[in-house]
Amino acid sequence: MADYLRRLATTGFAYTGASVLSKLIAVALLPLYTSYVDPDQYGIAEILFVAVVALSIVVRLGVIEALLRFYYLPGEKPERVVSTGFAVLLGTASLGALVVLPFAEPISRAVLDQSEPGLIRIAIAGLWLLTLYEYLVTLFRLDERAKAYLGFSVAHTLLAIALTVALVVFDDRQAEGILLGAYLSALPFVAWLLWSERRRLFAGLDRDLLRRMLRFGLPTMPAELSLYSLQFIDRLIIARSLGLVEVGLYAIAFKCSQAIQVVIRGFQLAFPPLAYSIVDDAEARRVYATIITAFVAFCAWLVIGMWLEARWIVDLLASPEYFEAYRVVGLLALGSALYGIYLALVVVIGRSGRTEFNLPATGVGMAVNVGLNLWLVPEYGIEGAGIALVASYLVVVAMMFRYGDRLFPVPWQWRKLILIAVVATALTVGGELALPSDGIDGFLLRALAWAAFPALLWFGSLADAEEKTALRQLADIGELRRRVAASRAEEDERGGAVTHEVELRDEDRLG
């Protein structure tokens with residue numbers, strides 16, 4: 001078990017490295033952005049960002065999810081899986097962008113309630129770039145080139161930050177600068193990957209394989225879209241009910257909860273290859289149960305810290321006019337943690353191949369989210385949106401656990417999961433009610449409550465003797481460094497082998 005946890009931690013660290021850097025820089029720049037960007041302009045940029053991601057889910061048709069599964073299936077030709085998926089994705093992304101481009105003005109009126117066709121056109125171009133970028137960087141994960149993924153992503157992040165600062169601070173582009181900085185920075189990296197991976201990407205389309213990939217991937221698309229809509233619908237309802245300024249506050253609260261999102265992103269990238277590489281079902285069940293428990297415990301710890309220290313986080317990172325965003329930082333962090341649990345359960349159920357069961361769960365969650373937002377936002381403001389988000393994710397996670405028990409039963413460690421939930425709730429509620437909400441004493445006392453969480457779990461017998469030994473091994477920095485070095489050496493060797501294999505296949509086709 002220690003080997004699985006160490007492997008997940010090592011690959012997750014590599015995949016998360018770029019995200020950590022981007023989030024740290026983005027958070028560090030929040031005071032700058034909030035000084036140069038008006039709240040309503042920040043709200044516009046936030047709405048368009050989430051809209052682009054939502055549309056990207058549609059045009060992807062679940063192809064990336066199918067790519068991750070079929071690439072490892074025995075009997076499939078990996079290079080054919082890559083080229084078939086890319087052919088479909090290039091076609092749908094290009095067609096989708098061309099279809100919506102002439103409707104920039106009415107889309108602007110419908111989404112923003114004002115005329116901003118230029119911003120809509122930038123978002124449409126961003127849709128095309130984002131869709132291709134997500135597919136192309138997945139190739140690093142398929143080849144397990146974690147070091148290359150890290151370097152590539154860091155370079156992209158640094159360029160995006162530099163462009164955004166130049167456009168927002170020095171050229172006063174407001175929302176336009178934020179959008180252009182994010183999307184223009186991806187262009188050279190997409191072009192480089194298209195050229196460097198051209199042999200695999202343009203190897204042709206296998207229609208029979210495409211049908212099987214779509215059979216697996218298509219059911220994940222409406223499920224993913226309905227789930228992502230939980231992060232989109234609330235912003236639209238806030239904009240209509242409260243105004244774009246409140247959307248800007250909500251967006252800042254989301255940015256201030258970045259720590260939990262970094263962990264979710266790393267787990268999302270690292271867990272599927274590990275989960276699907278375990279051949280024996282019995283072993284997979286045991287590993288899944290332990291990993292999910294550890295993941296839930298770590299996320300709970302982060303949520304407690306962000307909830308209790310939300311006032312100081314927002315005060316440190318944003319201008320005074322954004323301070324009221326602290327009210328939903330904890331709720332959004334909890335929602336992100338529940339989203340991460342959902343992603344883990346998607347992989348568990350995906351082992352059975354029955355991806356169509358994702359949609360009922362996310363569909364019900366979306367209905368709950370819409371209903372609660374319409375009810376709570378006008379009455380309670382952005383806090384109502386945060387409550388609606390958490391409630392809908394709870395519904396989704398509960399239904400996914402139920403479907404998982406039917407399709408791929410796992411011996412979940414319920415006693416430990418309940419212990420985590422009870423201790424986290426007690427510390428959070430107790431801290432909010434009993435501890436000061438301002439001053440250095442409030443900050444320090446809340447930090448102590450946050451630090452008490454791991455100790456309470458440890459002495460509450462969350463981990464058995466074997467798991468405590470595994471955790472001690474993971475905490476051994478020297479051992480971790482040796483493992484990372486060995487992983488990099490193996491990665492380099494594998495990368496050379498993959499390149500050589502691709503060259504041999506190309507020679508065979510030419511010969």
# chains A, B, ... in the order shown; residues from 1 in each chain; ligands from 1
$ residues_around --residues "Gly204 of chain A" --least-positions-apart "3" --cutoff "12 Å" --atoms "only C-alpha atoms" --output "MDAnalysis selection string"
chainID A and resid 79:88 198:201 207 209:210 509
$ closest_residue --among "A:Leu334, A:Phe298, A:Thr220, A:Tyr322" --to "Pro360 of chain A" --atoms "only C-alpha atoms"
A:Thr220
$ closest_residue --among "A:Asn369, A:Ala97, A:Ile252, A:Leu343" --to "Val314 of chain A" --atoms "only C-alpha atoms"
A:Ile252
$ atom_distance --atom1 "atom CA of Gly43 of chain A" --atom2 "atom CA of Leu389 of chain A"
18.2 Å
